[in-house]
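Listing of upload33.txt, compact mmCIF, C-alpha atoms
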```
# COMPACT_ATOMS: atom_id res chain seq x y z
CA MET C 848 213.43 92.57 95.67
CA ILE C 849 210.34 92.88 97.81
CA ASN C 850 208.59 89.93 99.37
CA VAL C 851 204.87 90.31 98.66
CA MET C 852 203.49 86.94 99.60
CA ALA C 853 205.63 86.00 102.56
CA LYS C 854 204.24 83.19 104.63
CA PRO C 855 205.85 82.30 107.96
CA THR C 856 208.05 79.26 107.66
CA THR C 857 206.88 76.48 109.93
CA THR C 858 209.59 74.93 112.03
CA ARG C 859 208.89 71.37 112.96
CA THR C 860 209.19 71.03 116.72
CA LEU C 861 207.75 68.79 119.42
CA GLY C 862 205.06 70.28 121.59
CA PRO C 863 204.97 69.77 125.36
CA LEU C 864 203.90 66.35 126.59
CA HIS C 865 200.53 66.42 128.33
CA LEU C 866 201.53 64.43 131.38
CA GLU C 867 198.53 65.74 133.30
CA ASP C 868 196.19 63.99 130.86
CA LEU C 869 197.41 60.54 131.85
CA GLU C 870 195.17 58.52 134.12
CA PRO C 871 196.70 58.55 137.67
CA HIS C 872 197.75 54.90 137.69
CA ARG C 873 199.16 55.25 134.15
CA PHE C 874 201.24 58.20 135.33
CA GLU C 875 202.57 56.11 138.21
CA ASP C 876 203.35 53.25 135.82
CA LEU C 877 205.26 55.61 133.52
CA ILE C 878 207.40 56.98 136.34
CA ARG C 879 208.11 53.52 137.71
CA GLN C 880 209.29 52.33 134.28
CA LEU C 881 211.52 55.38 133.92
CA LEU C 882 213.07 54.51 137.28
CA TYR C 883 214.23 51.01 136.32
CA ASP C 884 217.58 52.35 135.10
CA PHE C 885 217.91 54.90 137.89
CA ARG C 886 219.51 52.49 140.36
CA GLN C 887 220.32 48.80 140.68
CA TRP C 888 217.00 47.67 142.06
CA ARG C 889 216.29 44.33 143.59
CA GLN C 890 212.62 45.18 143.36
CA LEU C 891 210.28 48.04 142.50
CA GLU C 892 206.83 47.75 144.06
CA ALA C 893 203.74 49.47 142.65
CA THR C 894 202.26 50.16 146.06
CA GLY C 895 199.91 52.88 144.77
CA ARG C 896 197.82 50.42 142.77
CA SER C 897 196.63 48.63 145.90
CA GLY C 898 194.72 51.65 147.20
CA SER C 899 196.58 51.47 150.51
CA ASP C 900 199.87 53.11 149.67
CA GLU C 901 200.97 54.34 153.11
CA GLY C 902 201.66 57.78 151.68
CA PHE C 903 203.71 56.78 148.63
CA ASP C 904 203.01 55.32 145.19
CA ALA C 905 205.99 53.04 144.71
CA ARG C 906 208.75 51.57 146.82
CA GLY C 907 212.16 50.53 145.63
CA PHE C 908 214.73 48.22 147.16
CA GLU C 909 218.22 49.10 145.98
CA THR C 910 221.05 46.63 146.25
CA SER C 911 224.12 48.40 147.57
CA SER C 912 227.58 46.86 147.74
CA THR C 913 230.22 48.28 150.11
CA PRO C 914 233.84 47.49 149.13
CA TYR C 915 235.97 45.63 151.72
CA VAL C 916 238.22 47.91 153.79
CA GLY C 917 241.33 46.19 155.22
CA ASP C 918 242.75 46.55 158.74
CA GLY C 919 246.35 47.28 157.74
CA ASP C 920 247.44 43.77 156.79
CA GLU C 921 246.13 43.76 153.22
CA LEU C 922 245.48 40.44 151.49
CA ASP C 923 244.99 39.82 147.83
CA GLU C 924 241.33 39.60 146.90
CA ASP C 925 241.55 35.85 146.18
CA GLN C 926 243.07 35.32 149.69
CA ARG C 927 240.29 37.16 151.58
CA PRO C 928 237.44 35.30 153.21
CA ASP C 929 234.25 35.44 151.14
CA ASN C 930 232.52 37.53 153.78
CA GLN C 931 235.30 40.15 153.57
CA ILE C 932 235.35 40.78 149.81
CA SER C 933 232.41 43.16 150.08
CA SER C 934 229.30 43.67 152.12
CA THR C 935 225.87 43.92 150.55
CA SER C 936 223.12 46.00 152.03
CA GLU C 937 219.68 47.11 150.94
CA ARG C 938 218.44 50.67 150.66
CA VAL C 939 214.77 51.52 150.70
CA TRP C 940 213.41 54.31 148.52
CA LEU C 941 210.00 55.99 148.54
CA ILE C 942 208.54 57.22 145.25
CA GLN C 943 205.65 59.66 145.36
CA CYS C 944 203.80 60.74 142.20
CA LYS C 945 201.49 63.74 141.86
CA ARG C 946 199.61 64.34 138.62
CA GLU C 947 198.97 68.02 139.33
CA LYS C 948 199.26 71.19 137.27
CA SER C 949 201.09 73.16 139.98
CA ILE C 950 202.74 72.55 143.34
CA GLY C 951 204.03 75.49 145.35
CA PRO C 952 206.27 75.58 148.43
CA LEU C 953 203.40 75.29 150.95
CA LYS C 954 201.79 72.37 149.18
CA MET C 955 205.17 70.65 148.87
CA LYS C 956 205.74 71.08 152.59
CA ARG C 957 202.30 69.61 153.39
CA TYR C 958 202.94 66.59 151.17
CA LEU C 959 206.24 65.75 152.86
CA GLU C 960 204.91 66.42 156.35
CA GLY C 961 202.03 64.10 155.54
CA LEU C 962 204.28 61.10 154.99
CA PRO C 963 203.60 58.56 157.78
CA SER C 964 206.52 58.23 160.15
CA ILE C 965 206.44 54.47 159.68
CA SER C 966 207.13 55.02 155.98
CA VAL C 967 209.97 57.47 156.56
CA GLU C 968 211.77 55.66 159.35
CA GLY C 969 214.72 53.69 158.06
CA THR C 970 214.13 54.85 154.48
CA TYR C 971 217.25 55.81 152.58
CA GLY C 972 215.93 58.10 149.82
CA ILE C 973 212.89 59.73 148.29
CA ILE C 974 211.93 60.57 144.70
CA PHE C 975 209.09 63.06 144.37
CA VAL C 976 207.61 63.30 140.87
CA ALA C 977 204.91 65.62 139.53
CA ALA C 978 203.46 66.49 136.12
CA CYS C 979 204.28 70.19 136.52
CA ASP C 980 207.20 72.59 136.72
CA PHE C 981 208.68 73.59 140.08
CA SER C 982 209.83 77.04 141.11
CA LEU C 983 213.23 77.54 142.69
CA LYS C 984 211.59 78.17 146.06
CA THR C 985 209.63 74.93 145.81
CA ARG C 986 212.82 73.01 145.00
CA ASP C 987 214.62 74.57 147.96
CA THR C 988 211.69 73.70 150.22
CA PHE C 989 211.78 70.10 149.05
CA ARG C 990 215.50 69.72 149.74
CA ALA C 991 215.26 71.32 153.17
CA MET C 992 212.27 69.14 154.17
CA ALA C 993 213.87 65.95 152.82
CA SER C 994 217.00 66.65 154.83
CA SER C 995 215.03 67.34 158.02
CA LEU C 996 213.14 64.05 157.56
CA GLY C 997 216.46 62.16 157.46
CA PHE C 998 216.61 61.11 153.82
CA SER C 999 220.16 60.52 152.64
CA GLU C 1000 219.25 61.21 149.01
CA ALA C 1001 216.30 63.16 147.62
CA TYR C 1002 215.31 63.83 144.00
CA LEU C 1003 212.63 66.12 142.63
CA TRP C 1004 211.38 65.37 139.11
CA GLY C 1005 209.21 67.95 137.42
CA LYS C 1006 207.82 68.06 133.91
CA GLY C 1007 211.17 69.06 132.47
CA GLU C 1008 213.05 66.16 134.04
CA ILE C 1009 210.42 63.66 132.89
CA GLU C 1010 210.48 64.96 129.31
CA ASP C 1011 214.29 64.89 129.26
CA GLN C 1012 214.24 61.20 130.11
CA LEU C 1013 211.44 60.33 127.70
CA TYR C 1014 213.33 61.95 124.81
CA GLN C 1015 216.37 59.75 125.43
CA PRO C 1016 216.70 57.00 122.79
CA LYS C 1017 216.54 54.23 125.40
CA ASN C 1018 213.05 55.40 126.45
CA ASP C 1019 211.61 55.85 122.97
CA HIS C 1020 209.36 52.82 123.50
CA LEU C 1021 207.80 54.53 126.52
CA LEU C 1022 207.25 57.73 124.56
CA PHE C 1023 205.36 55.72 121.96
CA ALA C 1024 203.43 53.59 124.46
CA TYR C 1025 202.19 56.52 126.56
CA PHE C 1026 201.98 59.39 124.07
CA GLY C 1027 201.58 57.75 120.68
CA PHE C 1028 204.66 58.94 118.83
CA SER C 1029 208.23 57.79 118.42
CA LEU C 1030 211.33 59.89 117.82
CA ARG C 1031 212.95 57.01 115.97
CA ILE C 1032 209.97 56.73 113.63
CA ARG C 1033 209.97 60.50 113.30
CA GLN C 1034 213.66 60.51 112.40
CA ARG C 1035 213.13 57.78 109.83
CA THR C 1036 210.24 59.79 108.38
CA LEU C 1037 212.35 62.95 108.20
CA LYS C 1038 215.14 60.99 106.57
CA THR C 1039 212.73 59.65 103.97
CA GLU C 1040 211.32 63.12 103.34
CA LEU C 1041 214.79 64.63 102.92
CA ARG C 1042 215.80 61.93 100.46
CA ALA C 1043 212.62 62.55 98.48
CA GLN C 1044 213.25 66.32 98.40
CA ILE C 1045 216.85 65.85 97.25
CA ALA C 1046 215.74 63.41 94.55
CA THR C 1047 213.06 65.88 93.40
CA LYS C 1048 215.56 68.74 93.29
CA LYS C 1049 217.98 66.69 91.19
CA LYS C 1050 215.26 65.60 88.78
CA VAL C 1051 213.97 69.16 88.36
CA ALA C 1052 217.49 70.46 87.69
CA ARG C 1053 218.10 67.63 85.23
CA THR C 1054 214.75 67.93 83.45
CA LEU C 1055 214.06 71.67 83.19
CA SER C 1056 216.01 74.28 81.29
CA LYS C 1057 216.40 77.86 82.43
CA ASN C 1058 213.94 80.32 80.86
CA ASN C 1059 211.84 77.51 79.39
CA SER C 1060 208.16 76.93 80.07
CA VAL C 1061 206.72 74.57 82.67
CA LEU C 1062 203.12 73.80 83.56
CA VAL C 1063 202.30 73.65 87.28
CA ARG C 1064 199.32 71.32 87.73
CA ASP C 1065 197.16 70.28 90.65
CA SER C 1066 197.48 66.49 90.67
CA SER C 1067 193.78 66.15 91.56
CA ASP C 1068 192.35 68.59 88.98
CA ASP C 1069 190.47 66.34 86.56
CA ARG C 1070 189.18 69.32 84.51
CA TYR C 1071 192.50 69.78 82.73
CA PRO C 1072 192.76 70.86 79.96
CA GLU C 1073 189.12 71.79 79.38
CA LEU C 1074 187.95 75.37 79.93
CA ASP C 1075 184.43 76.71 80.18
CA LYS C 1076 183.57 77.78 76.63
CA ASP C 1077 181.09 80.45 77.73
CA LEU C 1078 183.09 81.85 80.66
CA THR C 1079 186.61 81.21 79.53
CA LYS C 1080 188.23 83.82 81.74
CA GLU C 1081 186.35 82.80 84.85
CA ARG C 1082 187.05 79.12 84.17
CA TYR C 1083 190.70 79.89 83.65
CA GLN C 1084 190.70 81.64 86.96
CA ARG C 1085 189.34 78.54 88.65
CA GLY C 1086 191.58 76.08 86.82
CA ARG C 1087 194.30 74.79 89.08
CA PHE C 1088 197.07 74.82 86.47
CA ARG C 1089 199.36 77.63 85.33
CA GLN C 1090 202.14 78.13 82.88
CA ALA C 1091 205.35 79.64 84.28
CA THR C 1092 208.98 80.10 83.29
CA TYR C 1093 211.65 78.07 85.07
CA ILE C 1094 214.42 80.11 86.71
CA GLY C 1095 216.33 77.51 88.71
CA CYS C 1096 216.64 75.35 91.83
CA PHE C 1097 217.54 77.07 95.09
CA HIS C 1098 217.75 76.20 98.79
CA ASP C 1099 214.07 76.98 99.37
CA GLY C 1100 212.60 75.35 96.28
CA VAL C 1101 212.04 75.80 92.56
CA HIS C 1102 211.95 79.46 91.51
CA LEU C 1103 209.47 80.23 88.74
CA LEU C 1104 208.86 83.50 86.93
CA HIS C 1105 205.14 84.11 87.44
CA ARG C 1106 204.90 87.51 85.77
CA ARG C 1107 207.03 89.96 83.78
CA SER C 1108 205.25 93.11 82.67
CA MET C 1109 206.14 96.52 81.35
CA ALA C 1110 206.22 99.09 84.12
CA PHE C 1111 206.20 102.82 84.78
CA LEU C 1112 208.54 104.34 87.38
CA ASP C 1113 208.24 108.03 88.20
CA TYR C 1114 211.34 110.15 88.68
CA ASN C 1115 210.51 110.60 92.36
CA GLY C 1116 211.12 106.88 92.96
CA ILE C 1117 207.71 106.47 94.59
CA ASN C 1118 204.92 106.36 92.00
CA TRP C 1119 204.68 103.34 89.77
CA ASP C 1120 202.39 101.15 87.66
CA PHE C 1121 202.61 97.98 85.59
CA ALA C 1122 200.80 96.53 82.57
CA GLU C 1123 198.64 93.90 84.24
CA THR C 1124 196.79 93.08 81.01
CA TYR C 1125 199.84 91.53 79.36
CA ASN C 1126 202.39 89.12 80.83
CA HIS C 1127 205.72 88.91 79.02
CA GLY C 1128 206.88 86.32 81.54
CA LYS C 1129 205.30 83.52 79.58
CA ASN C 1130 207.85 82.06 77.24
CA GLY C 1131 206.04 82.90 74.03
CA TRP C 1132 202.28 82.91 73.76
CA HIS C 1133 202.42 79.91 71.42
CA ASP C 1134 203.36 77.93 74.56
CA ASP C 1135 200.09 78.84 76.29
CA PRO C 1136 197.15 76.97 74.73
CA PHE C 1137 194.73 78.54 77.22
CA GLU C 1138 194.73 82.05 75.74
CA SER C 1139 193.24 83.58 72.59
CA ALA C 1140 195.98 84.81 70.26
CA SER C 1141 193.85 87.57 68.76
CA ASP C 1142 192.85 88.90 72.17
CA LEU C 1143 196.48 88.90 73.26
CA GLU C 1144 197.56 90.88 70.22
CA ASP C 1145 194.98 93.55 70.95
CA ARG C 1146 196.09 93.86 74.55
CA LEU C 1147 199.75 93.95 73.57
CA GLN C 1148 199.09 96.79 71.17
CA VAL C 1149 197.40 98.86 73.85
CA VAL C 1150 200.30 98.23 76.26
CA ASN C 1151 202.86 99.15 73.63
CA ASP C 1152 201.11 102.43 72.94
CA VAL C 1153 201.38 103.43 76.61
CA TRP C 1154 204.98 102.22 76.75
CA ASP C 1155 205.99 104.28 73.69
CA ALA C 1156 204.52 107.41 75.26
CA LEU C 1157 206.73 107.10 78.36
CA GLU C 1158 210.10 108.78 78.74
CA SER C 1159 212.93 106.27 78.45
CA ALA C 1160 213.92 106.89 82.09
CA GLU C 1161 210.38 106.04 83.19
CA ARG C 1162 210.32 102.60 81.59
CA GLY C 1163 210.93 99.52 83.69
CA TRP C 1164 210.01 95.91 84.35
CA PHE C 1165 207.71 94.50 87.00
CA GLU C 1166 208.63 90.85 87.83
CA VAL C 1167 207.00 88.41 90.25
CA THR C 1168 208.93 85.27 91.19
CA VAL C 1169 207.23 82.43 93.07
CA VAL C 1170 208.90 79.68 95.10
CA LEU C 1171 207.59 76.14 94.80
CA PRO C 1172 208.85 73.93 97.69
CA TYR C 1173 210.34 70.62 96.65
CA GLU C 1174 208.05 68.70 98.98
CA HIS C 1175 205.01 70.05 97.11
CA ILE C 1176 206.11 68.38 93.87
CA LEU C 1177 204.64 64.88 93.57
CA ALA C 1178 205.75 63.96 90.04
CA ILE C 1179 207.43 65.39 86.95
CA ASP C 1180 206.29 64.64 83.41
CA GLU C 1181 209.33 65.49 81.30
CA ASP C 1182 207.53 65.45 77.94
CA GLY C 1183 204.22 67.10 78.76
CA ASP C 1184 201.28 66.26 76.51
CA GLU C 1185 199.61 67.20 73.22
CA VAL C 1186 198.12 70.34 74.80
CA ALA C 1187 201.17 71.77 76.59
CA LYS C 1188 204.25 70.26 74.99
CA TYR C 1189 206.74 71.01 77.76
CA PRO C 1190 207.43 69.59 81.24
CA HIS C 1191 204.56 69.37 83.74
CA LEU C 1192 205.05 69.62 87.49
CA TYR C 1193 202.31 67.74 89.35
CA VAL C 1194 201.85 69.28 92.77
CA VAL C 1195 199.88 68.57 95.94
CA PRO C 1196 196.10 69.22 95.78
CA HIS C 1197 195.08 72.78 96.60
CA HIS C 1198 192.15 75.18 96.22
CA THR C 1199 194.09 77.97 94.52
CA VAL C 1200 197.40 77.98 92.69
CA GLU C 1201 198.89 80.44 95.19
CA GLU C 1202 198.55 77.89 98.02
CA ILE C 1203 201.31 75.69 96.65
CA TYR C 1204 203.95 78.43 96.77
CA SER C 1205 205.80 79.12 100.00
CA TYR C 1206 206.16 82.80 99.10
CA SER C 1207 206.81 85.21 96.23
CA PHE C 1208 208.83 88.36 95.75
CA VAL C 1209 208.63 91.35 93.41
CA ASP C 1210 211.38 93.19 91.60
CA LEU C 1211 210.43 96.58 90.13
CA ARG C 1212 213.34 98.32 88.40
CA ALA C 1213 214.09 100.86 85.69
CA ILE C 1214 215.62 99.64 82.43
CA ASP C 1215 218.19 102.40 81.94
CA SER C 1216 219.43 103.17 85.44
CA GLY C 1217 218.51 99.99 87.30
CA ARG C 1218 216.94 102.07 90.12
CA ARG C 1219 214.26 100.23 92.07
CA VAL C 1220 210.92 101.27 93.52
CA ASP C 1221 209.07 99.68 96.42
CA PRO C 1222 205.75 98.64 94.84
CA GLU C 1223 203.41 99.77 97.57
CA HIS C 1224 199.73 99.70 96.68
CA SER C 1225 199.17 103.22 97.97
CA THR C 1226 201.72 104.70 95.52
CA ARG C 1227 200.47 102.92 92.41
CA VAL C 1228 199.14 105.32 89.76
CA ASN C 1229 197.16 104.85 86.51
CA ARG C 1230 199.36 104.62 83.45
CA PHE C 1231 198.44 101.23 81.97
CA PRO C 1232 194.94 99.79 81.44
CA ARG C 1233 193.46 97.50 84.08
CA ASN C 1234 192.10 93.97 83.73
CA GLN C 1235 188.40 93.40 83.82
CA PRO C 1236 187.34 91.81 87.17
CA ALA C 1237 186.84 88.34 85.65
CA GLU C 1238 190.18 88.29 83.81
CA VAL C 1239 193.24 86.67 85.29
CA LYS C 1240 196.49 86.61 83.39
```

What would the structure in this file look like if it were written as structure tokens?
Amino acid sequence: MINVMAKPTTTRTLGPLHLEDLEPHRFEDLIRQLLYDFRQWRQLEATGRSGSDEGFDARGFETSSTPYVGDGDELDEDQRPDNQISSTSERVWLIQCKREKSIGPLKMKRYLEGLPSISVEGTYGIIFVAACDFSLKTRDTFRAMASSLGFSEAYLWGKGEIEDQLYQPKNDHLLFAYFGFSLRIRQRTLKTELRAQIATKKKVARTLSKNNSVLVRDSSDDRYPELDKDLTKERYQRGRFRQATYIGCFHDGVHLLHRRSMAFLDYNGINWDFAETYNHGKNGWHDDPFESASDLEDRLQVVNDVWDALESAERGWFEVTVVLPYEHILAIDEDGDEVAKYPHLYVVPHHTVEEIYSYSFVDLRAIDSGRRVDPEHSTRVNRFPRNQPAEVK
């Protein structure tokens, strides 16, 4: 079977966060809030908001406890003096934020060399954060410079590290506050969508019967079932409703037989043609109230004459199957109406019927041998009559 209307399947993913679009102080606020769980802080100061930041944008005071180390004569913890259970000290951290699109090794070196000595002296650690990605050389430069400046600990956060933290469930509120979307809300939405698709699939399978007619209708098309009396064919072409034959429910959606026509297949396995003026795929023309019975009989007779003139080995079927995604089905009318007395599938609004299908595929095979031909346009020949330009079957 050959796919003739393949559309690329869209995979739902999250695009990169535009950290560089945040206002500078907002970027600093975001980083400071991400840091609250980084260490046990006594205080985190937003020094950058004052305008006189002494070379850094935030300063953190970490409470550090050092366990008591005995002198050989160990006492139980409840027997030790209070001042010997543990000692508490305070570590000072510098946090520097750069909302830049790129920082190379030389620029990184200048930034660290530019830190005032009064800010670096006695400081335990540094966290350098930027809204960009860092090369390996830039990261190595940062570590070497931080070590030479006497920092005991040094961390470099680029765009990847920031995004990793924002996508953690505990920081979902920050993701929503700064970028306007929430993974939790997204997950709930996906869950709701999946439940709706499964419910639709079950209802379709329960309601429709294989090889029976269905009517696919645009839920917003208020012209149904009227056709233009003077330009019936053209109006039918514009009408956003079509009869089809139900095949079944599959992983990708509802499969519908869109066309089944007599076909010609040459012995060479290349040349082919099909009877586009008559569609046997409709489950009996009495089920289609939008066609003229007399006109159909005339067209069928012409097609049969061509068919009878073919060698038996040259006769085949040309079938087009379309796939209707479950999420495109809004409602199912099991009983239909007085015009089309079979189930109706109401689908999302669209300009043309083809828009609602994710893709279609063609099967062109011989009746006797089952051999198949690739229906390429360049190898199609003239055996059956063609539709007039305004006619759509």

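Summary of the local environment: counting only C-alpha atoms, residues at most 9 Å from segment 869-874 of chain C, other than itself and those fewer than 4 positions away along its chain, are His865, Ile878, Arg879, Gly895, Arg896, Cys944, Lys945, Arg946, Ala978 and Tyr1025 of chain C.
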
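Proximity of C:Thr1168, C:Asn1126, C:Asn1118, C:Ser911 to Arg1227 of chain C, computed with all atoms listed in the file, is greatest for C:Asn1118.
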
Fill in: Contacts of segment 1064-1066 of chain C at 7 Å (all atoms listed in the file; same-chain gap of 3+ positions) as a VMD selection string
chain C and resid 1087 to 1089 1191 to 1197

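The nearest approach to Gln1090 of chain C among the residues C:Pro1172, C:Gly1183, C:Gly1116, C:Gly961, with only C-alpha atoms taken into account, belongs to C:Gly1183.
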
Fill in: Distance in Å - atom CA of Leu959 of chain C versus atom CA of Phe908 of chain C
20.3 Å

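Coordinates place atom CA of Asn1058 of chain C at a distance of 27.8 Å from atom CA of Leu1157 of chain C.
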
Item to complete: Identify which of the residues C:Pro1190, C:Pro1232, C:Gly1163, C:Gly1100 lies closest to Gly1217 of chain C, counting only C-alpha atoms when measuring atom-to-atom distances.
Response: C:Gly1163

Worksheet item: Quick one: of C:Glu1202, C:Asp1113, C:Glu937, C:Asp980, who's nearest to Glu1010 of chain C, counting all atoms listed in the file?
Response: C:Asp980

Worksheet item: What is the distance, in Å and to one decimal place, between atom CA of Gln890 of chain C and atom CA of Leu941 of chain C?
Response: 12.3 Å
